[in-house]
>>> print(open('final19.cif').read())   # mmCIF, C-alpha atoms and all ligand atoms
data_target
loop_
_atom_site.group_PDB
_atom_site.id
_atom_site.type_symbol
_atom_site.label_atom_id
_atom_site.label_comp_id
_atom_site.auth_asym_id
_atom_site.auth_seq_id
_atom_site.Cartn_x
_atom_site.Cartn_y
_atom_site.Cartn_z
ATOM 1 C CA MET A 1 34.033 -14.713 -3.069
ATOM 2 C CA ALA A 2 31.451 -17.498 -3.362
ATOM 3 C CA ALA A 3 28.228 -16.543 -5.139
ATOM 4 C CA MET A 4 25.513 -15.499 -2.676
ATOM 5 C CA PHE A 5 22.787 -18.128 -2.395
ATOM 6 C CA VAL A 6 19.282 -16.904 -1.612
ATOM 7 C CA ARG A 7 16.380 -19.315 -1.350
ATOM 8 C CA GLU A 8 13.752 -18.434 -3.964
ATOM 9 C CA SER A 9 10.052 -19.172 -4.248
ATOM 10 C CA PRO A 10 7.911 -19.113 -7.417
ATOM 11 C CA LEU A 11 5.315 -17.235 -5.358
ATOM 12 C CA LEU A 12 7.532 -14.158 -5.402
ATOM 13 C CA GLY A 13 7.687 -14.363 -9.195
ATOM 14 C CA ALA A 14 3.919 -13.747 -9.325
ATOM 15 C CA VAL A 15 4.177 -10.369 -7.547
ATOM 16 C CA GLY A 16 3.192 -7.387 -9.685
ATOM 17 C CA HIS A 17 1.616 -9.426 -12.497
ATOM 18 C CA VAL A 18 -1.765 -7.733 -12.066
ATOM 19 C CA PRO A 19 -4.043 -6.174 -14.698
ATOM 20 C CA LEU A 20 -4.312 -2.469 -15.460
ATOM 21 C CA VAL A 21 -8.003 -1.633 -15.913
ATOM 22 C CA GLU A 22 -10.039 1.382 -16.893
ATOM 23 C CA ILE A 23 -12.476 2.340 -14.132
ATOM 24 C CA THR A 24 -15.751 2.576 -16.043
ATOM 25 C CA ALA A 25 -17.754 3.099 -12.833
ATOM 26 C CA ILE A 26 -16.841 6.819 -12.858
ATOM 27 C CA ARG A 27 -18.187 7.590 -16.341
ATOM 28 C CA ALA A 28 -21.422 9.100 -15.032
ATOM 29 C CA LEU A 29 -19.571 11.057 -12.311
ATOM 30 C CA ALA A 30 -16.664 12.483 -14.321
ATOM 31 C CA PRO A 31 -17.539 11.914 -18.006
ATOM 32 C CA ALA A 32 -14.605 13.901 -19.428
ATOM 33 C CA CYS A 33 -11.961 11.903 -17.578
ATOM 34 C CA ARG A 34 -10.497 8.408 -18.121
ATOM 35 C CA LEU A 35 -9.280 6.712 -14.923
ATOM 36 C CA PHE A 36 -6.895 3.737 -14.981
ATOM 37 C CA ALA A 37 -5.761 1.572 -12.068
ATOM 38 C CA THR A 38 -3.760 -1.557 -11.317
ATOM 39 C CA VAL A 39 -5.773 -4.247 -9.492
ATOM 40 C CA GLU A 40 -3.345 -4.910 -6.642
ATOM 41 C CA GLY A 41 -5.704 -7.273 -4.813
ATOM 42 C CA LEU A 42 -4.719 -9.904 -7.409
ATOM 43 C CA ASN A 43 -1.181 -10.135 -6.021
ATOM 44 C CA PRO A 44 -0.472 -13.431 -4.157
ATOM 45 C CA GLY A 45 -0.878 -11.711 -0.761
ATOM 46 C CA GLY A 46 -4.000 -9.792 -1.883
ATOM 47 C CA SER A 47 -2.541 -6.278 -1.734
ATOM 48 C CA ILE A 48 -0.098 -3.723 -3.114
ATOM 49 C CA LYS A 49 2.212 -4.370 -0.165
ATOM 50 C CA ASP A 50 3.446 -7.579 -1.846
ATOM 51 C CA ARG A 51 5.575 -5.448 -4.168
ATOM 52 C CA PRO A 52 7.738 -3.649 -1.568
ATOM 53 C CA VAL A 53 7.732 -6.523 0.931
ATOM 54 C CA ALA A 54 9.020 -9.081 -1.613
ATOM 55 C CA ARG A 55 11.804 -6.681 -2.587
ATOM 56 C CA MET A 56 12.759 -5.703 0.983
ATOM 57 C CA LEU A 57 12.802 -9.353 2.089
ATOM 58 C CA LEU A 58 14.977 -10.546 -0.795
ATOM 59 C CA LYS A 59 17.411 -7.633 -0.346
ATOM 60 C CA ALA A 60 17.662 -8.384 3.394
ATOM 61 C CA MET A 61 18.400 -12.052 2.659
ATOM 62 C CA GLN A 62 21.010 -11.133 0.059
ATOM 63 C CA ALA A 63 22.701 -8.795 2.563
ATOM 64 C CA GLY A 64 22.814 -11.585 5.182
ATOM 65 C CA HIS A 65 20.627 -9.675 7.692
ATOM 66 C CA LEU A 66 18.486 -12.756 8.318
ATOM 67 C CA ASP A 67 21.311 -15.274 8.706
ATOM 68 C CA GLY A 68 21.486 -17.498 11.768
ATOM 69 C CA GLY A 69 17.720 -17.616 12.400
ATOM 70 C CA ARG A 70 17.382 -13.861 13.043
ATOM 71 C CA ARG A 71 13.711 -12.876 12.807
ATOM 72 C CA LEU A 72 12.471 -10.247 10.380
ATOM 73 C CA LEU A 73 10.635 -7.601 12.461
ATOM 74 C CA ASP A 74 8.329 -4.819 11.304
ATOM 75 C CA SER A 75 5.169 -2.901 12.163
ATOM 76 C CA SER A 76 2.207 -2.926 9.789
ATOM 77 C CA SER A 77 -1.390 -1.827 9.454
ATOM 78 C CA GLY A 78 -2.085 -5.396 8.328
ATOM 79 C CA ASN A 79 -1.557 -5.676 4.583
ATOM 80 C CA ALA A 80 2.239 -5.534 4.759
ATOM 81 C CA GLY A 81 1.986 -7.986 7.641
ATOM 82 C CA ILE A 82 0.203 -10.486 5.399
ATOM 83 C CA SER A 83 2.887 -10.097 2.740
ATOM 84 C CA TYR A 84 5.727 -10.546 5.258
ATOM 85 C CA ALA A 85 4.021 -13.590 6.786
ATOM 86 C CA LEU A 86 3.287 -15.160 3.386
ATOM 87 C CA PHE A 87 6.731 -14.692 1.850
ATOM 88 C CA GLY A 88 8.467 -15.448 5.154
ATOM 89 C CA ALA A 89 6.619 -18.789 5.267
ATOM 90 C CA ALA A 90 7.435 -19.511 1.604
ATOM 91 C CA LEU A 91 11.132 -18.702 2.064
ATOM 92 C CA GLY A 92 11.574 -20.189 5.548
ATOM 93 C CA VAL A 93 12.275 -16.822 7.208
ATOM 94 C CA PRO A 94 10.834 -16.357 10.745
ATOM 95 C CA VAL A 95 8.726 -13.175 11.004
ATOM 96 C CA THR A 96 7.532 -11.024 13.944
ATOM 97 C CA LEU A 97 4.936 -8.295 13.328
ATOM 98 C CA VAL A 98 3.692 -5.439 15.501
ATOM 99 C CA VAL A 99 0.129 -4.663 14.359
ATOM 100 C CA PRO A 100 -2.510 -2.251 15.759
ATOM 101 C CA GLY A 101 -5.283 -4.350 17.339
ATOM 102 C CA ASN A 102 -7.983 -2.816 15.100
ATOM 103 C CA ALA A 103 -6.652 -4.531 11.954
ATOM 104 C CA SER A 104 -9.474 -6.591 10.467
ATOM 105 C CA ARG A 105 -10.061 -10.181 11.613
ATOM 106 C CA GLU A 106 -9.238 -11.562 8.158
ATOM 107 C CA ARG A 107 -5.803 -9.952 8.318
ATOM 108 C CA LEU A 108 -4.930 -11.123 11.796
ATOM 109 C CA ASP A 109 -6.121 -14.709 11.175
ATOM 110 C CA ARG A 110 -4.225 -14.921 7.930
ATOM 111 C CA ILE A 111 -0.978 -13.665 9.504
ATOM 112 C CA ARG A 112 -1.303 -16.189 12.350
ATOM 113 C CA ALA A 113 -2.084 -18.993 9.844
ATOM 114 C CA SER A 114 1.245 -18.367 8.085
ATOM 115 C CA GLY A 115 3.067 -18.969 11.358
ATOM 116 C CA ALA A 116 4.273 -15.406 11.980
ATOM 117 C CA GLU A 117 4.564 -14.093 15.549
ATOM 118 C CA LEU A 118 1.993 -11.326 16.111
ATOM 119 C CA ILE A 119 2.271 -8.548 18.707
ATOM 120 C CA LEU A 120 -0.947 -6.502 18.930
ATOM 121 C CA THR A 121 -0.910 -2.890 20.162
ATOM 122 C CA ASP A 122 -3.739 -0.707 21.526
ATOM 123 C CA PRO A 123 -6.003 0.327 18.599
ATOM 124 C CA LEU A 124 -6.529 3.780 20.120
ATOM 125 C CA GLU A 125 -2.771 4.476 20.028
ATOM 126 C CA GLY A 126 -2.659 4.213 16.214
ATOM 127 C CA TYR A 127 0.032 3.126 13.752
ATOM 128 C CA ASP A 128 2.706 5.367 15.231
ATOM 129 C CA PHE A 129 2.597 3.515 18.536
ATOM 130 C CA ALA A 130 3.077 0.187 16.703
ATOM 131 C CA ILE A 131 6.106 1.692 14.950
ATOM 132 C CA GLY A 132 7.532 2.767 18.316
ATOM 133 C CA GLU A 133 7.043 -0.739 19.721
ATOM 134 C CA ALA A 134 8.887 -2.317 16.764
ATOM 135 C CA ARG A 135 11.749 0.168 17.228
ATOM 136 C CA ARG A 136 11.948 -0.618 20.940
ATOM 137 C CA LEU A 137 12.063 -4.387 20.315
ATOM 138 C CA SER A 138 14.807 -4.067 17.702
ATOM 139 C CA ARG A 139 16.843 -1.795 20.021
ATOM 140 C CA GLU A 140 16.487 -4.121 23.000
ATOM 141 C CA HIS A 141 17.032 -7.418 21.117
ATOM 142 C CA PRO A 142 19.402 -6.751 18.195
ATOM 143 C CA ASP A 143 20.517 -10.405 18.050
ATOM 144 C CA ARG A 144 16.956 -11.713 17.867
ATOM 145 C CA TYR A 145 15.465 -9.240 15.339
ATOM 146 C CA TRP A 146 16.388 -7.525 12.104
ATOM 147 C CA TYR A 147 14.172 -4.450 11.774
ATOM 148 C CA CYS A 148 13.014 -4.146 8.157
ATOM 149 C CA ASP A 149 11.385 -0.732 8.824
ATOM 150 C CA GLN A 150 9.123 -0.277 5.794
ATOM 151 C CA TYR A 151 8.711 3.415 6.742
ATOM 152 C CA SER A 152 12.442 4.116 6.204
ATOM 153 C CA ASN A 153 13.617 1.293 3.914
ATOM 154 C CA PRO A 154 14.427 2.728 0.438
ATOM 155 C CA GLU A 155 13.719 -0.670 -1.173
ATOM 156 C CA ASN A 156 10.044 0.079 -0.427
ATOM 157 C CA TRP A 157 9.735 3.066 -2.775
ATOM 158 C CA ARG A 158 12.186 1.483 -5.250
ATOM 159 C CA ALA A 159 9.783 -1.462 -5.705
ATOM 160 C CA HIS A 160 7.115 0.988 -6.904
ATOM 161 C CA TYR A 161 9.587 2.976 -9.003
ATOM 162 C CA GLU A 162 10.701 -0.226 -10.770
ATOM 163 C CA THR A 163 7.311 -1.953 -11.121
ATOM 164 C CA THR A 164 4.048 -0.079 -10.286
ATOM 165 C CA GLY A 165 5.197 3.189 -11.856
ATOM 166 C CA VAL A 166 6.446 1.474 -15.013
ATOM 167 C CA ALA A 167 3.205 -0.558 -15.378
ATOM 168 C CA LEU A 168 1.021 2.565 -15.052
ATOM 169 C CA LEU A 169 3.108 4.691 -17.379
ATOM 170 C CA ARG A 170 3.513 2.027 -20.106
ATOM 171 C CA GLY A 171 -0.048 0.714 -19.885
ATOM 172 C CA ILE A 172 -1.752 4.113 -19.972
ATOM 173 C CA THR A 173 0.516 5.568 -22.664
ATOM 174 C CA SER A 174 0.002 2.556 -24.933
ATOM 175 C CA THR A 175 -3.801 2.716 -24.465
ATOM 176 C CA THR A 176 -4.411 6.459 -24.758
ATOM 177 C CA GLY A 177 -1.334 7.641 -26.656
ATOM 178 C CA ARG A 178 -0.290 9.971 -23.818
ATOM 179 C CA PRO A 179 0.850 9.802 -20.178
ATOM 180 C CA PRO A 180 -1.660 10.421 -17.363
ATOM 181 C CA ASP A 181 -2.270 14.033 -16.221
ATOM 182 C CA ALA A 182 -2.181 12.942 -12.579
ATOM 183 C CA PHE A 183 -1.553 10.078 -10.169
ATOM 184 C CA VAL A 184 -3.737 9.695 -7.076
ATOM 185 C CA ALA A 185 -2.313 7.756 -4.113
ATOM 186 C CA GLY A 186 -2.923 7.213 -0.429
ATOM 187 C CA ILE A 187 -0.110 7.250 2.096
ATOM 188 C CA GLY A 188 0.678 4.417 4.478
ATOM 189 C CA THR A 189 4.464 4.359 4.352
ATOM 190 C CA GLY A 190 4.575 6.705 1.362
ATOM 191 C CA GLY A 191 6.258 3.991 -0.741
ATOM 192 C CA THR A 192 3.620 3.975 -3.489
ATOM 193 C CA LEU A 193 3.355 7.763 -3.774
ATOM 194 C CA THR A 194 7.129 8.294 -3.710
ATOM 195 C CA GLY A 195 8.099 5.452 -6.077
ATOM 196 C CA VAL A 196 5.351 5.972 -8.655
ATOM 197 C CA GLY A 197 5.520 9.762 -8.247
ATOM 198 C CA ARG A 198 9.262 9.813 -8.979
ATOM 199 C CA ARG A 199 8.874 7.529 -12.010
ATOM 200 C CA LEU A 200 6.015 9.574 -13.518
ATOM 201 C CA LYS A 201 7.527 13.010 -12.834
ATOM 202 C CA GLU A 202 10.922 11.904 -14.167
ATOM 203 C CA ALA A 203 9.265 10.862 -17.449
ATOM 204 C CA HIS A 204 6.822 13.815 -17.581
ATOM 205 C CA PRO A 205 7.519 16.592 -15.023
ATOM 206 C CA GLU A 206 4.070 18.135 -15.535
ATOM 207 C CA THR A 207 2.290 15.042 -14.096
ATOM 208 C CA ARG A 208 0.422 16.065 -10.934
ATOM 209 C CA ILE A 209 0.733 13.930 -7.818
ATOM 210 C CA ILE A 210 -2.380 13.928 -5.631
ATOM 211 C CA ALA A 211 -2.331 12.601 -2.058
ATOM 212 C CA ALA A 212 -5.628 11.301 -0.624
ATOM 213 C CA ILE A 213 -5.550 11.893 3.129
ATOM 214 C CA PRO A 214 -8.207 10.601 5.572
ATOM 215 C CA ASP A 215 -9.449 13.399 7.820
ATOM 216 C CA VAL A 216 -9.976 11.273 10.936
ATOM 217 C CA PHE A 217 -8.203 8.385 12.671
ATOM 218 C CA PRO A 218 -8.956 5.507 12.666
ATOM 219 C CA GLY A 219 -10.464 6.272 9.289
ATOM 220 C CA ILE A 220 -9.559 4.202 6.248
ATOM 221 C CA GLU A 221 -7.469 1.092 6.849
ATOM 222 C CA GLY A 222 -3.995 1.491 5.354
ATOM 223 C CA LEU A 223 -4.051 5.293 5.021
ATOM 224 C CA LYS A 224 -2.322 7.691 7.423
ATOM 225 C CA PRO A 225 -3.969 10.990 8.485
ATOM 226 C CA LEU A 226 -0.755 12.750 7.581
ATOM 227 C CA GLY A 227 -0.207 16.276 8.792
ATOM 228 C CA GLN A 228 -2.343 16.011 11.916
ATOM 229 C CA ALA A 229 -0.779 17.024 15.238
ATOM 230 C CA GLY A 230 1.966 14.625 16.284
ATOM 231 C CA ASP A 231 1.498 12.250 13.342
ATOM 232 C CA LEU A 232 4.835 10.789 12.197
ATOM 233 C CA VAL A 233 5.814 11.565 8.604
ATOM 234 C CA PRO A 234 7.423 8.439 7.072
ATOM 235 C CA ALA A 235 11.122 8.934 6.256
ATOM 236 C CA ILE A 236 10.744 7.599 2.696
ATOM 237 C CA LEU A 237 7.823 9.903 1.831
ATOM 238 C CA ASP A 238 9.030 12.643 -0.543
ATOM 239 C CA GLU A 239 6.512 15.378 0.240
ATOM 240 C CA ARG A 240 7.994 17.632 -2.455
ATOM 241 C CA LEU A 241 6.295 15.410 -5.043
ATOM 242 C CA ILE A 242 2.797 16.237 -3.744
ATOM 243 C CA ASP A 243 0.953 18.872 -5.781
ATOM 244 C CA ARG A 244 -2.386 18.605 -4.001
ATOM 245 C CA ARG A 245 -3.877 16.932 -0.908
ATOM 246 C CA VAL A 246 -7.497 15.768 -1.046
ATOM 247 C CA PRO A 247 -9.338 14.789 2.159
ATOM 248 C CA VAL A 248 -11.117 11.414 1.957
ATOM 249 C CA ARG A 249 -13.795 9.975 4.240
ATOM 250 C CA MET A 250 -15.187 6.517 4.843
ATOM 251 C CA GLU A 251 -18.669 7.866 3.933
ATOM 252 C CA ASP A 252 -17.409 8.500 0.387
ATOM 253 C CA ALA A 253 -15.228 5.377 0.145
ATOM 254 C CA ILE A 254 -17.994 2.852 0.978
ATOM 255 C CA PRO A 255 -20.506 3.781 -1.770
ATOM 256 C CA MET A 256 -17.625 3.891 -4.256
ATOM 257 C CA CYS A 257 -16.626 0.333 -3.255
ATOM 258 C CA HIS A 258 -20.191 -0.804 -3.964
ATOM 259 C CA LEU A 259 -20.191 0.957 -7.336
ATOM 260 C CA LEU A 260 -16.828 -0.630 -8.246
ATOM 261 C CA ALA A 261 -18.048 -4.103 -7.179
ATOM 262 C CA ARG A 262 -20.835 -3.787 -9.764
ATOM 263 C CA THR A 263 -18.237 -3.453 -12.494
ATOM 264 C CA GLY A 264 -16.304 -6.536 -11.340
ATOM 265 C CA LEU A 265 -13.807 -4.768 -9.073
ATOM 266 C CA PHE A 266 -14.186 -6.202 -5.551
ATOM 267 C CA VAL A 267 -11.839 -3.924 -3.621
ATOM 268 C CA GLY A 268 -11.254 -2.481 -0.140
ATOM 269 C CA PRO A 269 -12.109 0.964 1.297
ATOM 270 C CA SER A 270 -8.815 2.660 0.380
ATOM 271 C CA SER A 271 -9.542 1.806 -3.284
ATOM 272 C CA GLY A 272 -12.974 3.433 -2.970
ATOM 273 C CA ALA A 273 -11.363 6.471 -1.368
ATOM 274 C CA LEU A 274 -8.761 6.830 -4.150
ATOM 275 C CA VAL A 275 -11.368 6.535 -6.926
ATOM 276 C CA HIS A 276 -13.550 9.091 -5.136
ATOM 277 C CA ALA A 277 -10.567 11.472 -4.821
ATOM 278 C CA ALA A 278 -9.738 10.954 -8.516
ATOM 279 C CA CYS A 279 -13.317 11.934 -9.521
ATOM 280 C CA ARG A 280 -13.070 15.055 -7.419
ATOM 281 C CA VAL A 281 -9.781 16.275 -8.928
ATOM 282 C CA ALA A 282 -10.961 15.324 -12.422
ATOM 283 C CA LEU A 283 -13.937 17.668 -12.021
ATOM 284 C CA GLU A 284 -12.264 20.460 -10.059
ATOM 285 C CA ASP A 285 -8.986 20.584 -12.014
ATOM 286 C CA GLY A 286 -10.395 19.620 -15.437
ATOM 287 C CA LEU A 287 -8.165 16.537 -15.844
ATOM 288 C CA ARG A 288 -8.657 14.149 -18.780
ATOM 289 C CA CYS A 289 -6.645 11.096 -17.719
ATOM 290 C CA ILE A 290 -5.750 9.923 -14.205
ATOM 291 C CA ALA A 291 -3.785 6.949 -12.856
ATOM 292 C CA THR A 292 -4.313 5.310 -9.491
ATOM 293 C CA VAL A 293 -4.041 1.928 -7.746
ATOM 294 C CA LEU A 294 -6.704 -0.310 -6.155
ATOM 295 C CA PRO A 295 -4.552 -1.309 -3.138
ATOM 296 C CA ASP A 296 -6.326 -4.416 -1.840
ATOM 297 C CA THR A 297 -9.125 -6.958 -2.148
ATOM 298 C CA GLY A 298 -12.625 -6.466 -0.716
ATOM 299 C CA GLU A 299 -12.483 -10.006 0.724
ATOM 300 C CA ARG A 300 -10.380 -8.563 3.536
ATOM 301 C CA TYR A 301 -13.273 -6.442 4.857
ATOM 302 C CA VAL A 302 -16.196 -8.871 5.023
ATOM 303 C CA SER A 303 -16.066 -8.942 8.845
ATOM 304 C CA THR A 304 -16.006 -5.125 9.046
ATOM 305 C CA GLY A 305 -19.520 -4.975 7.512
ATOM 306 C CA LEU A 306 -18.344 -3.195 4.350
ATOM 307 C CA TRP A 307 -20.575 -5.395 2.182
ATOM 308 C CA SER A 308 -23.503 -6.099 4.513
ATOM 309 C CA GLY A 309 -26.949 -4.929 3.495
ATOM 310 C CA HIS A 310 -25.811 -3.712 0.096
ATOM 311 C CA ASP A 311 -26.681 -6.650 -2.120
ATOM 312 C CA GLY A 312 -29.125 -4.540 -4.118
ATOM 313 C CA ARG A 313 -32.201 -6.576 -3.163
HETATM 314 C C1 LIG B 1 -5.126 -0.770 1.859
HETATM 315 C C2 LIG B 1 -3.934 0.103 1.688
HETATM 316 N N1 LIG B 1 -3.985 1.161 0.892
HETATM 317 C C3 LIG B 1 -2.915 1.982 0.727
HETATM 318 C C4 LIG B 1 -1.735 1.774 1.376
HETATM 319 C C5 LIG B 1 -0.598 2.759 1.196
HETATM 320 O O1 LIG B 1 0.575 2.221 0.705
HETATM 321 P P1 LIG B 1 2.029 2.807 0.993
HETATM 322 O O2 LIG B 1 2.579 2.078 2.188
HETATM 323 O O3 LIG B 1 2.811 2.489 -0.215
HETATM 324 O O4 LIG B 1 1.959 4.274 1.277
HETATM 325 C C6 LIG B 1 -1.684 0.688 2.213
HETATM 326 C C7 LIG B 1 -0.525 0.403 2.995
HETATM 327 O O5 LIG B 1 -0.546 -0.442 3.887
HETATM 328 C C8 LIG B 1 -2.797 -0.160 2.373
HETATM 329 O O6 LIG B 1 -2.773 -1.212 3.203
#
>>> encode(input="final19.cif", output="structure tokens", more="lines below")
Ligand SMILES: Cc1ncc(COP(=O)(O)O)c(C=O)c1O
Amino acid sequence: MAAMFVRESPLLGAVGHVPLVEITAIRALAPACRLFATVEGLNPGGSIKDRPVARMLLKAMQAGHLDGGRRLLDSSSGNAGISYALFGAALGVPVTLVVPGNASRERLDRIRASGAELILTDPLEGYDFAIGEARRLSREHPDRYWYCDQYSNPENWRAHYETTGVALLRGITSTTGRPPDAFVAGIGTGGTLTGVGRRLKEAHPETRIIAAIPDVFPGIEGLKPLGQAGDLVPAILDERLIDRRVPVRMEDAIPMCHLLARTGLFVGPSSGALVHAACRVALEDGLRCIATVLPDTGERYVSTGLWSGHDGR
């Protein structure tokens, strides 16, 4: 059989090459704990979703799913949409995205700029409605679309198992001489929590996996209010990994974003929420070393008012 030829782009080679930093902003809040995080906003698409999307896209191309001009279709809260649109444009793959209409202006403009087709759904219907719309389109037009389905695609969590989890484990162990006591993650598709959680627990079964869950919807962009009535649980989420669930609120995430910005980390609300949740478990459970991720860049939230009126003057 002839060797499979897949178009490549150097952009994809940059994915995952982001720094691991110690979050010094929490020293006054949880002095006995060291918190480390990867700065995922420095990926080419500005978020953690570059990791799974690059892998899912390349695997789909290798399998021939996108041959003959078939469009890659998926639903997204916005960040994955940017990654699909960016890598689709770089690789010459046509992309269609179903996105809830409340995704921030920066996200929607950027997706459109990359040439992807955008289908907006009613913001009040939430992410699950966007998922249903993507499923319906793929069912009704199987020749036009290949449904990537980041909520069920195992290449999503594998990307984090192979890259994010390894970076956290190696980086923290080489800095502190021991693995982290816990990993704090939010859940969009569950890819990050499942992939990193499996990697860390396989290496050190005593590592605690903490899920930060927003208590209202729409709450924190990117994070699902899992467990609320009727909310879909993503197929790839391995709930058995979760040792504790911590509720997170926008009121806590915003001041944490401002605190992080003053230490050079300009990140979005889900990052603030995860750092806040990490402080809470550090204090309540007496943890000494925690790992987390800063999922996206703060640039993406300028139009939402996240930074307005907080310039310290
Ligand atoms: C800002 C942000 N944080 C966290 C997540 C959660 O990532 P995962 O899909 O791996 O659960 C997402 C997913 O879109 C996100 O956009």
>>> axis_aligned_box(input="final19.cif", around="ligand LIG 1 (chain B)", padding_each_side="8 Å", output="AutoDock Vina command-line options")
--center_x -1.2 --center_y 1.5 --center_z 1.8 --size_x 23.9 --size_y 21.5 --size_z 20.1
>>> closest_atom_pairs(input="final19.cif", of="segment 249-297 of chain A", to="segment 60-79 of chain A", cutoff="12 Å", atoms="only C-alpha atoms", output="Markdown table")
| residue | atom | partner | partner_atom | distance |
| --- | --- | --- | --- | --- |
| A:Gly268 | CA | A:Asn79 | CA | 11.2 |
| A:Ser270 | CA | A:Asn79 | CA | 11.8 |
| A:Pro295 | CA | A:Asn79 | CA | 9.4 |
| A:Asp296 | CA | A:Asn79 | CA | 8.1 |
| A:Thr297 | CA | A:Asn79 | CA | 10.2 |
>>> atom_distance(input="final19.cif", atom1="atom CA of Val275 of chain A", atom2="atom CA of Asp109 of chain A")
28.4 Å
>>> residues_around(input="final19.cif", residues="Ala212 of chain A", least_positions_apart="2", cutoff="7 Å", atoms="all atoms listed in the file", output="list in words")
Val184, Ala185, Gly186, Ile210, Pro214, Arg245, Val246, Pro247, Val248, Leu274 and Ala277 of chain A
>>> atom_distance(input="final19.cif", atom1="atom CA of Leu12 of chain A", atom2="atom CA of Glu40 of chain A")
14.3 Å
>>> atom_distance(input="final19.cif", atom1="atom CA of Gly191 of chain A", atom2="atom CA of Gly305 of chain A")
28.5 Å
>>> closest_residue(input="final19.cif", among="A:Gln150, A:Thr207, A:Thr176, A:Thr163", to="ligand LIG 1 (chain B)", atoms="only C-alpha atoms and all ligand atoms")
A:Gln150
>>> closest_residue(input="final19.cif", among="A:Gly115, A:Gly272, A:Gly286, A:Pro94", to="ligand LIG 1 (chain B)", atoms="all atoms listed in the file")
A:Gly272
>>> closest_residue(input="final19.cif", among="A:Ile48, A:Leu86, A:Leu11, A:Leu223", to="Gly188 of chain A", atoms="all atoms listed in the file")
A:Leu223
>>> closest_residue(input="final19.cif", among="A:Leu120, A:Ala159, A:Ile23, A:Ile236", to="Val53 of chain A", atoms="all atoms listed in the file")
A:Ala159
>>> resolve_selection(input="final19.cif", expression="the PyMOL selection byres (((chain A and resi 182) around 7) and not hetatm)", output="MDAnalysis selection string")
chainID A and resid 180:181 183:184 207:209 290:291
>>> resolve_selection(input="final19.cif", expression="the PyMOL selection byres (((chain A and resi 196) around 7) and not hetatm)", output="PyMOL selection string")
chain A and resi 160-161+164-165+192-195+197-200
>>> closest_residue(input="final19.cif", among="A:Arg55, A:Arg244, A:Lys224, A:Arg105", to="ligand LIG 1 (chain B)", atoms="all atoms listed in the file")
A:Lys224
>>> closest_residue(input="final19.cif", among="A:Cys279, A:Ala80, A:Leu29, A:Ala211", to="Gly46 of chain A", atoms="all atoms listed in the file")
A:Ala80
>>> resolve_selection(input="final19.cif", expression="the PyMOL selection byres (((chain A and resi 13) around 12) and not hetatm)", output="compact mmCIF listing (two decimals) with C-alpha atoms, keeping the file's coordinate frame")
# COMPACT_ATOMS: atom_id res chain seq x y z
CA GLU A 8 13.75 -18.43 -3.96
CA SER A 9 10.05 -19.17 -4.25
CA PRO A 10 7.91 -19.11 -7.42
CA LEU A 11 5.32 -17.24 -5.36
CA LEU A 12 7.53 -14.16 -5.40
CA ALA A 14 3.92 -13.75 -9.32
CA VAL A 15 4.18 -10.37 -7.55
CA GLY A 16 3.19 -7.39 -9.68
CA HIS A 17 1.62 -9.43 -12.50
CA VAL A 18 -1.76 -7.73 -12.07
CA ASN A 43 -1.18 -10.14 -6.02
CA PRO A 44 -0.47 -13.43 -4.16
CA ASP A 50 3.45 -7.58 -1.85
CA ARG A 51 5.58 -5.45 -4.17
CA ALA A 54 9.02 -9.08 -1.61
CA ARG A 55 11.80 -6.68 -2.59
CA LEU A 58 14.98 -10.55 -0.80
CA PHE A 87 6.73 -14.69 1.85
CA ALA A 90 7.44 -19.51 1.60
>>> residues_around(input="final19.cif", residues="Arg34 of chain A", least_positions_apart="2", cutoff="10 Å", atoms="all atoms listed in the file", output="PyMOL selection string")
chain A and resi 22-24+26-27+30-32+36+172+176+180+278-279+282+287-291
>>> write_last_selection(input="final19.cif", atoms="C-alpha atoms", output="PDB file, keeping the file's coordinate frame")
ATOM      1  CA  GLU A  22     -10.039   1.382 -16.893  1.00  0.00           C
ATOM      2  CA  ILE A  23     -12.476   2.340 -14.132  1.00  0.00           C
ATOM      3  CA  THR A  24     -15.751   2.576 -16.043  1.00  0.00           C
ATOM      4  CA  ILE A  26     -16.841   6.819 -12.858  1.00  0.00           C
ATOM      5  CA  ARG A  27     -18.187   7.590 -16.341  1.00  0.00           C
ATOM      6  CA  ALA A  30     -16.664  12.483 -14.321  1.00  0.00           C
ATOM      7  CA  PRO A  31     -17.539  11.914 -18.006  1.00  0.00           C
ATOM      8  CA  ALA A  32     -14.605  13.901 -19.428  1.00  0.00           C
ATOM      9  CA  PHE A  36      -6.895   3.737 -14.981  1.00  0.00           C
ATOM     10  CA  ILE A 172      -1.752   4.113 -19.972  1.00  0.00           C
ATOM     11  CA  THR A 176      -4.411   6.459 -24.758  1.00  0.00           C
ATOM     12  CA  PRO A 180      -1.660  10.421 -17.363  1.00  0.00           C
ATOM     13  CA  ALA A 278      -9.738  10.954  -8.516  1.00  0.00           C
ATOM     14  CA  CYS A 279     -13.317  11.934  -9.521  1.00  0.00           C
ATOM     15  CA  ALA A 282     -10.961  15.324 -12.422  1.00  0.00           C
ATOM     16  CA  LEU A 287      -8.165  16.537 -15.844  1.00  0.00           C
ATOM     17  CA  ARG A 288      -8.657  14.149 -18.780  1.00  0.00           C
ATOM     18  CA  CYS A 289      -6.645  11.096 -17.719  1.00  0.00           C
ATOM     19  CA  ILE A 290      -5.750   9.923 -14.205  1.00  0.00           C
ATOM     20  CA  ALA A 291      -3.785   6.949 -12.856  1.00  0.00           C
TER      21      ALA A 291
END
